[in-house]
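Report on one structure; see the data block that follows.
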Amino acid sequence: RRPVVTSADIDGRIFALSPDGNWLLFTRKSNRPASEEINTLWMVNLESEDAQPVDLRASNIVHFADWVPGAGLAITYSTVEPRATAPGWQANNDLYQTTYAPSGMIIETEKVIEANFGGALGWWGTSFAWSPDGALLAYAQPDAIGLVDFDTHELRPFLDITPYQTQADWAWVTGLGWSPNHQVLYYTAHAQ
């Protein structure tokens with residue numbers, strides 16, 4: 001075992017290994033007050049024993065950030081706005097795709113989905129899941145599941161879900177998982 005990051009500020013919201021296993025994507029608690037900035041997004045090269053974490057200059061990422069399969073150092077992520085009231089944020093339900101150089105320099109950034117209300121209970125946030133081949137990106141909201149259309153920059157729902165009423169300051173969003181051949185998308189449904 002070898003320590004990779006020893007800053008003691010990893011917040012556990014994002015922790016994703018790149019498809020080739022050479023990079024780790026993670027979030028760190030911000031040094032600023034939580035009402036201004038919740039966290040920041042970083043990556044570190046796992047092939048080098050003395051690699052330093054690279055600041056990706058993206059912040060307030062609570063629900064989703066992941067590597068784009070087959071696209072090198074390209075990631076997609078969604079942001080939130082910090083709030084003083086529970087749960088501590090208002091989701092933007094947006095989606096960005098950014099390609100980085102190993103130094104952390106931004107090569108290209110594209111806003112794939114504009115900030116939007118996110119459907120019923122949209123304040124909580126949207127989750128996403130890449131298919132293993134990187135051809136499809138599924139999304140889940142408290143009231144729907146669908147695919148991201150990268151050509152039209154829209155969300156295309158294909159299954160409506162009755163939102164689960166938690167009676168609390170959190171919303172239930174189904175988990176998503178792809179079959180290895182990327183032909184089937186799995187999800188969990190709550191009881192009627």
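Following the order of the structure tokens, chains are lettered A, B, ..., residues in each are numbered from 1, and ligands are numbered from 1.
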Would you mind listing, for every residue of region 118-156 of chain A within 8 Å of region 52-75 of chain A, the two atoms forming the shortest contact and the distance between them in Å to one decimal, using only C-alpha atoms, sorted by chain and ascending residue number, as a tab-separated table?
```
residue	atom	partner	partner_atom	distance
A:Gly125	CA	A:His63	CA	6.8
A:Thr126	CA	A:His63	CA	7.0
A:Ser127	CA	A:Phe64	CA	5.9
A:Phe128	CA	A:Phe64	CA	6.5
A:Trp130	CA	A:Val68	CA	7.1
A:Ser131	CA	A:Pro69	CA	7.9
A:Pro132	CA	A:Pro69	CA	6.5
A:Asp133	CA	A:Pro69	CA	6.1
A:Gly134	CA	A:Pro69	CA	4.6
```
key: Close residues, Trp23 (chain A) itself excluded, 9 Å, only C-alpha atoms, min 5 positions apart in chain, as an MDAnalysis selection string   = chainID A and resid 16:18 43:47 73
Preceding selection exported with N, CA and C atoms as a PDB file, in the first residue's frame:
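Output file out-v1.pdb follows:
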```
ATOM      1  N   ALA A  16     -13.044   8.510  -8.024  1.00  0.00           N
ATOM      2  CA  ALA A  16     -13.197   7.681  -9.222  1.00  0.00           C
ATOM      3  C   ALA A  16     -11.849   7.409  -9.873  1.00  0.00           C
ATOM      4  N   LEU A  17     -11.594   6.153 -10.157  1.00  0.00           N
ATOM      5  CA  LEU A  17     -10.390   5.715 -10.841  1.00  0.00           C
ATOM      6  C   LEU A  17     -10.619   5.826 -12.346  1.00  0.00           C
ATOM      7  N   SER A  18      -9.631   6.329 -13.082  1.00  0.00           N
ATOM      8  CA  SER A  18      -9.765   6.434 -14.541  1.00  0.00           C
ATOM      9  C   SER A  18      -9.869   5.032 -15.140  1.00  0.00           C
ATOM     10  N   MET A  43      -7.255  15.790  -9.451  1.00  0.00           N
ATOM     11  CA  MET A  43      -6.819  14.490  -9.964  1.00  0.00           C
ATOM     12  C   MET A  43      -5.362  14.300  -9.581  1.00  0.00           C
ATOM     13  N   VAL A  44      -4.958  13.032  -9.493  1.00  0.00           N
ATOM     14  CA  VAL A  44      -3.565  12.721  -9.195  1.00  0.00           C
ATOM     15  C   VAL A  44      -3.138  11.527 -10.043  1.00  0.00           C
ATOM     16  N   ASN A  45      -1.908  11.597 -10.546  1.00  0.00           N
ATOM     17  CA  ASN A  45      -1.341  10.540 -11.361  1.00  0.00           C
ATOM     18  C   ASN A  45      -0.886   9.406 -10.439  1.00  0.00           C
ATOM     19  N   LEU A  46      -1.409   8.208 -10.626  1.00  0.00           N
ATOM     20  CA  LEU A  46      -1.080   7.072  -9.775  1.00  0.00           C
ATOM     21  C   LEU A  46       0.165   6.327 -10.233  1.00  0.00           C
ATOM     22  N   GLU A  47       0.672   6.630 -11.421  1.00  0.00           N
ATOM     23  CA  GLU A  47       1.865   5.952 -11.937  1.00  0.00           C
ATOM     24  C   GLU A  47       3.146   6.508 -11.333  1.00  0.00           C
ATOM     25  N   LEU A  73      -7.856  12.069 -20.525  1.00  0.00           N
ATOM     26  CA  LEU A  73      -8.088  12.874 -19.327  1.00  0.00           C
ATOM     27  C   LEU A  73      -9.299  13.791 -19.506  1.00  0.00           C
TER      28      LEU A  73
END
```
Determine, using only C-alpha atoms, which residues of region 124-179 of chain A have any atom at most 8 Å from an atom of region 107-116 of chain A, and tabulate each with its shortest atom pair and distance in Å to one decimal place, rows ordered by chain and then rising number, as JSON lines.
```
{"residue": "A:Phe150", "atom": "CA", "partner": "A:Val112", "partner_atom": "CA", "distance": 6.5}
{"residue": "A:His153", "atom": "CA", "partner": "A:Val112", "partner_atom": "CA", "distance": 5.3}
{"residue": "A:Glu154", "atom": "CA", "partner": "A:Ile113", "partner_atom": "CA", "distance": 6.3}
{"residue": "A:Leu155", "atom": "CA", "partner": "A:Ile113", "partner_atom": "CA", "distance": 7.8}
```
Now that the selection is made, can you save its residues with all heavy atoms as a PDB file, in the first residue's frame?
```pdb
ATOM      1  N   PHE A 150     -26.017  14.466 -26.533  1.00  0.00           N
ATOM      2  CA  PHE A 150     -24.896  15.394 -26.697  1.00  0.00           C
ATOM      3  C   PHE A 150     -25.031  16.255 -27.948  1.00  0.00           C
ATOM      4  O   PHE A 150     -24.396  17.300 -28.045  1.00  0.00           O
ATOM      5  CB  PHE A 150     -23.568  14.620 -26.723  1.00  0.00           C
ATOM      6  CG  PHE A 150     -23.109  14.199 -25.367  1.00  0.00           C
ATOM      7  CD1 PHE A 150     -23.581  13.032 -24.786  1.00  0.00           C
ATOM      8  CD2 PHE A 150     -22.207  14.974 -24.650  1.00  0.00           C
ATOM      9  CE1 PHE A 150     -23.159  12.638 -23.529  1.00  0.00           C
ATOM     10  CE2 PHE A 150     -21.782  14.594 -23.389  1.00  0.00           C
ATOM     11  CZ  PHE A 150     -22.260  13.424 -22.821  1.00  0.00           C
ATOM     12  N   HIS A 153     -27.948  18.809 -26.721  1.00  0.00           N
ATOM     13  CA  HIS A 153     -27.690  19.337 -25.375  1.00  0.00           C
ATOM     14  C   HIS A 153     -28.958  19.295 -24.522  1.00  0.00           C
ATOM     15  O   HIS A 153     -29.288  20.246 -23.817  1.00  0.00           O
ATOM     16  CB  HIS A 153     -27.125  20.761 -25.447  1.00  0.00           C
ATOM     17  CG  HIS A 153     -25.812  20.826 -26.147  1.00  0.00           C
ATOM     18  ND1 HIS A 153     -24.625  20.660 -25.484  1.00  0.00           N
ATOM     19  CD2 HIS A 153     -25.494  20.998 -27.461  1.00  0.00           C
ATOM     20  CE1 HIS A 153     -23.620  20.751 -26.359  1.00  0.00           C
ATOM     21  NE2 HIS A 153     -24.126  20.955 -27.558  1.00  0.00           N
ATOM     22  N   GLU A 154     -29.632  18.162 -24.588  1.00  0.00           N
ATOM     23  CA  GLU A 154     -30.869  17.975 -23.823  1.00  0.00           C
ATOM     24  C   GLU A 154     -30.855  16.633 -23.094  1.00  0.00           C
ATOM     25  O   GLU A 154     -30.117  15.723 -23.464  1.00  0.00           O
ATOM     26  CB  GLU A 154     -32.084  17.998 -24.761  1.00  0.00           C
ATOM     27  CG  GLU A 154     -32.306  19.318 -25.440  1.00  0.00           C
ATOM     28  CD  GLU A 154     -33.478  19.262 -26.413  1.00  0.00           C
ATOM     29  OE1 GLU A 154     -33.819  18.172 -26.911  1.00  0.00           O
ATOM     30  OE2 GLU A 154     -34.048  20.325 -26.667  1.00  0.00           O
ATOM     31  N   LEU A 155     -31.711  16.551 -22.079  1.00  0.00           N
ATOM     32  CA  LEU A 155     -31.959  15.289 -21.398  1.00  0.00           C
ATOM     33  C   LEU A 155     -33.161  14.637 -22.051  1.00  0.00           C
ATOM     34  O   LEU A 155     -34.197  15.265 -22.224  1.00  0.00           O
ATOM     35  CB  LEU A 155     -32.233  15.525 -19.911  1.00  0.00           C
ATOM     36  CG  LEU A 155     -31.110  16.193 -19.112  1.00  0.00           C
ATOM     37  CD1 LEU A 155     -31.559  16.446 -17.677  1.00  0.00           C
ATOM     38  CD2 LEU A 155     -29.848  15.349 -19.135  1.00  0.00           C
TER      39      LEU A 155
END
```
request  = Go through A:Gly12, A:Gln167, A:Trp123, A:Gly104 one by one, measure the shortest atom-to-atom distance of each to Trp42 (chain A) using only C-alpha atoms, and give the residue with the smallest value.
outcome  = A:Gly104
key: Proximity to Pro163 (chain A) - best of A:Ser48, A:Gln141, A:Thr6, A:Thr27, only C-alpha atoms   = A:Gln141
